[in-house]
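Notes follow once the structure below has been shown.
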Amino acid sequence: MAKIINEPSHTFNEYLLIPGYSDDRAIPSNVDLSTPLTRFKKGEEPKIKMSIPMISAIMQSVSGPDLAVALAREGGVSFIYGNQSIESEAEMIKTVKQYKAGFVESDSNITPDSTIADLLKLKEKTGHSTVAVTEDGTKNGVLVGIITSRDYRPSKMDLDTKVSEVMTPFSKLIVGHVNDSLKHCNNMIWDNKLNQLPIIDEDNRLRYLVFRKDYENHKLYPNELLDEDKRYIVGAGINTRDYKTRVPALVEAGADALCLDSSEGYSAWQEQALDWIKANYPDIPVGAGNVVSREGFRFLADHGADFIKIGIGGGSICITRETKGIGRGQATSVLEVAAARDEYFAETGIYVPICSDGGIVHDHHITLALAMGADFVMLGRYFARFDESPTNKIMINGTYYKEYWGEGSARARNWQRYDNGEASKLTFEEGVDSYVPYAGPLKENVAMSMYKVKSTMCNCGALSIKELQEKAVLTLVSETSIVEGGAHDVLEKNKTRNFK
């Protein structure tokens, strides 16, 4: 006979937080939202710690290179979608890692004998206005000069003019050397009023470029998440089919973390993938999931998952519960898995962070997920609305929207994500193709969302996520109280027509 759980599973919308005592330190500017992304032993620090509790969903319509950079600047992590070719995903990882590195490997290089026409073609391809001129045109060739957009005017000169005739030659360049610290290089830039500083080795070969704008960006993004080499941290989604070839390519490209992307993670396939990755790439963190039960968490934790995602069927574009009849309310799932996480930590001394994936509709749902035990949340619809998501912006009836589709939809399944070798023609969708209201740039929206989270935490007397989880008092609410919690029994001005 089937086991029956008689109590209902609940969603975030069915809970409210009861305010706690707030002392005079409880102001948003004092709240620390940092949180571990990866497992760690008691008394140690996690390999990756985020500044804010947000990661982006492993989706074609969400996590491209632009969003990965924008989110890393705010202190979160994007996981580039794996529902594409290995080569394409690896290239996206490289794009993020090369975007800003303190010491940047030059990917815009040209020979001194090249023409201005050649230079313009290179600029169109890379989008970079600063180009290193090396003897052989390679990124590590002997440096002979630098050319920028200030050195030439295409409309006023012969396009057959050689680069060597207009570049700033090596003899007039101020350069740094490979053993110089980033701080020293930045000081050289400021002291000499430079926009960029070439870094060379003892043979005058170009190794890196350091840019003034990277220093200025750091001041604009104090929470940015960087690796040891001052490059943005980025994750990569993987599957349980081609991981033996995909993982090496993604690690080589610079991925800081991996995550198995599946609607259901309590399986032999994730067991096999985790075991192989841990045996062959023990230093690369890998997340797994999704699960909704204590047993699912324990299974993945025992097989080395560095973080575990929670949620089945709660996403705004997911119809898994409708089509397959499996899943669980997101709030109940988080509460049970959080309890399992704490039990595992008490038993083993190993803390495995958990991620609430799905079910977030309003900003306060993020706070509820954290209060219930999640270390961070994964968001799809939320990020799909922004300028930096990889989809098109479309106007419908005078309002801008962005395209958004699920990885279980027919649109995403072009990469046969659910084909485990059976080559079955009997397929069905577990996601929909949709639109979400356009919301502008990521930075402004994330800043507002996190401010709301901090404000609510202050109402609970908590200045950190851990303290919130210790102090939080949650109450179930009725349908009537949900109605009571919004504007009611009034005529709102901004929702009327010809109101005077």
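Going through the structure tokens in order, the chains are called A, B, and so on, while each chain numbers its residues from 1 and the ligands are numbered from 1 in the order shown.
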With only C-alpha atoms counted and 9 Å as the cut-off, give the residues of region 140-166 of chain A in contact with region 103-117 of chain A, each with its shortest interatomic distance in Å and the pair that gives it, as CSV.
```
residue,atom,partner,partner_atom,distance
A:Asn140,CA,A:Ser106,CA,8.2
A:Val144,CA,A:Pro112,CA,7.6
A:Gly145,CA,A:Pro112,CA,8.0
A:Tyr152,CA,A:Ile116,CA,8.2
A:Pro154,CA,A:Ile116,CA,7.5
A:Met157,CA,A:Ile116,CA,9.0
A:Asp158,CA,A:Ile116,CA,7.9
A:Leu159,CA,A:Ile116,CA,5.0
A:Asp160,CA,A:Thr115,CA,5.2
A:Thr161,CA,A:Thr115,CA,5.3
A:Lys162,CA,A:Thr115,CA,4.3
A:Val163,CA,A:Pro112,CA,5.2
A:Ser164,CA,A:Pro112,CA,4.6
A:Glu165,CA,A:Pro112,CA,8.3
```
Can those selected residues be exported to a file as an mmCIF file, in the first residue's frame so that it contains C-alpha atoms?
```
data_model
loop_
_atom_site.group_PDB
_atom_site.id
_atom_site.type_symbol
_atom_site.label_atom_id
_atom_site.label_comp_id
_atom_site.auth_asym_id
_atom_site.auth_seq_id
_atom_site.Cartn_x
_atom_site.Cartn_y
_atom_site.Cartn_z
ATOM 1 C CA ASN A 140 51.203 36.603 -26.241
ATOM 2 C CA VAL A 144 55.192 46.555 -30.431
ATOM 3 C CA GLY A 145 52.416 49.031 -29.711
ATOM 4 C CA TYR A 152 42.658 57.074 -36.060
ATOM 5 C CA PRO A 154 38.326 56.159 -40.543
ATOM 6 C CA MET A 157 42.069 58.609 -43.683
ATOM 7 C CA ASP A 158 42.983 55.925 -46.173
ATOM 8 C CA LEU A 159 41.748 52.553 -44.867
ATOM 9 C CA ASP A 160 44.870 50.948 -46.359
ATOM 10 C CA THR A 161 47.002 52.847 -43.863
ATOM 11 C CA LYS A 162 49.099 50.450 -41.800
ATOM 12 C CA VAL A 163 48.487 50.112 -38.085
ATOM 13 C CA SER A 164 52.182 50.796 -37.427
ATOM 14 C CA GLU A 165 51.784 54.328 -38.799
#
```
Can you list, as JSON, numbers by chain, all residues belonging to region 119-171 of chain A that DSSP tags as strand (DSSP E)?
{"A": [131, 132, 133, 134, 143, 144, 145, 146, 147, 168, 169]}
Expected file contents, prior selection, N, CA, C and O atoms, as an mmCIF file, in the first residue's frame:
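result-v3.cif was written with the following content:
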```cif
data_model
loop_
_atom_site.group_PDB
_atom_site.id
_atom_site.type_symbol
_atom_site.label_atom_id
_atom_site.label_comp_id
_atom_site.auth_asym_id
_atom_site.auth_seq_id
_atom_site.Cartn_x
_atom_site.Cartn_y
_atom_site.Cartn_z
ATOM 1 N N VAL A 131 43.283 47.830 -28.881
ATOM 2 C CA VAL A 131 43.846 46.651 -29.542
ATOM 3 C C VAL A 131 45.352 46.622 -29.326
ATOM 4 O O VAL A 131 46.050 47.618 -29.545
ATOM 5 N N ALA A 132 45.846 45.472 -28.881
ATOM 6 C CA ALA A 132 47.285 45.294 -28.702
ATOM 7 C C ALA A 132 47.919 44.936 -30.047
ATOM 8 O O ALA A 132 47.401 44.086 -30.777
ATOM 9 N N VAL A 133 49.027 45.583 -30.355
ATOM 10 C CA VAL A 133 49.742 45.307 -31.599
ATOM 11 C C VAL A 133 50.971 44.465 -31.247
ATOM 12 O O VAL A 133 51.875 44.940 -30.547
ATOM 13 N N THR A 134 50.984 43.227 -31.715
ATOM 14 C CA THR A 134 52.109 42.334 -31.448
ATOM 15 C C THR A 134 52.739 41.910 -32.763
ATOM 16 O O THR A 134 52.114 41.977 -33.824
ATOM 17 N N LEU A 143 55.161 42.591 -27.830
ATOM 18 C CA LEU A 143 54.381 43.820 -27.904
ATOM 19 C C LEU A 143 55.169 44.906 -28.653
ATOM 20 O O LEU A 143 56.320 45.210 -28.300
ATOM 21 N N VAL A 144 54.545 45.484 -29.680
ATOM 22 C CA VAL A 144 55.192 46.555 -30.431
ATOM 23 C C VAL A 144 54.402 47.856 -30.362
ATOM 24 O O VAL A 144 54.890 48.907 -30.779
ATOM 25 N N GLY A 145 53.195 47.807 -29.827
ATOM 26 C CA GLY A 145 52.416 49.031 -29.711
ATOM 27 C C GLY A 145 50.996 48.776 -29.247
ATOM 28 O O GLY A 145 50.573 47.628 -29.057
ATOM 29 N N ILE A 146 50.260 49.850 -29.046
ATOM 30 C CA ILE A 146 48.842 49.820 -28.689
ATOM 31 C C ILE A 146 48.124 50.808 -29.598
ATOM 32 O O ILE A 146 48.621 51.906 -29.861
ATOM 33 N N ILE A 147 46.948 50.424 -30.071
ATOM 34 C CA ILE A 147 46.151 51.354 -30.863
ATOM 35 C C ILE A 147 44.741 51.417 -30.288
ATOM 36 O O ILE A 147 44.149 50.387 -29.939
ATOM 37 N N THR A 168 50.427 53.846 -30.985
ATOM 38 C CA THR A 168 51.417 54.321 -30.021
ATOM 39 C C THR A 168 52.493 53.250 -29.916
ATOM 40 O O THR A 168 52.204 52.129 -29.481
ATOM 41 N N PRO A 169 53.726 53.547 -30.347
ATOM 42 C CA PRO A 169 54.762 52.505 -30.375
ATOM 43 C C PRO A 169 55.227 52.112 -28.981
ATOM 44 O O PRO A 169 55.028 52.857 -28.007
#
```
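Rounded to one decimal, CA of Pro390 (chain A) and CA of Pro53 (chain A) lie 22.0 Å from each other.
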Any idea what's packed within 9 Å of Ile360 (chain A), counting only C-alpha atoms, ignoring anything in its chain fewer than 6 positions away? Could you give it as a PyMOL selection string?
chain A and resi 12+314-316+330+366+369+377-379+381-382
Tell me, as number ranges by chain, which residues lie within 8 Å of region 64-79 of chain A, counting only C-alpha atoms; anything in the same chain fewer than 3 positions away does not count.
A: 50-58, 60-61, 92-93, 95-96, 99, 221-226, 232-237, 258-259, 388-390, 442-443, 446
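Interatomic distance, CA of Ala439 (chain A) to CA of Ala374 (chain A): 25.8 Å.
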Which residues come within 12 Å of Pro46 (chain A), counting only C-alpha atoms, excluding same-chain residues fewer than 4 positions away, as a PyMOL selection string?
chain A and resi 34-42+50+285+306-307+350-353
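The neighbours of Cys460 (chain A) here are the residues that come within 7 Å of it, using only C-alpha atoms and leaving out any residue fewer than 6 positions away in the same chain; they are Pro19, Gly20, Tyr21, Ser22 and Ala472 of chain A.
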Prev. selection, N, CA and C atoms, output as a JSON list (two decimals), in the first residue's frame:
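Saved result, part12.json, follows:
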```
[["chain", "number", "residue", "atom", "x", "y", "z"],
["A", 19, "PRO", "N", 6.72, 39.49, 13.41],
["A", 19, "PRO", "CA", 7.83, 40.37, 13.78],
["A", 19, "PRO", "C", 8.43, 39.99, 15.13],
["A", 20, "GLY", "N", 9.74, 40.17, 15.24],
["A", 20, "GLY", "CA", 10.43, 39.95, 16.51],
["A", 20, "GLY", "C", 10.98, 41.26, 17.02],
["A", 21, "TYR", "N", 11.64, 41.21, 18.16],
["A", 21, "TYR", "CA", 12.20, 42.44, 18.74],
["A", 21, "TYR", "C", 13.34, 42.95, 17.87],
["A", 22, "SER", "N", 13.28, 44.25, 17.54],
["A", 22, "SER", "CA", 14.34, 44.88, 16.75],
["A", 22, "SER", "C", 15.07, 45.89, 17.62],
["A", 472, "ALA", "N", 13.34, 33.29, 13.29],
["A", 472, "ALA", "CA", 12.09, 33.42, 12.54],
["A", 472, "ALA", "C", 10.94, 32.68, 13.21]]
```
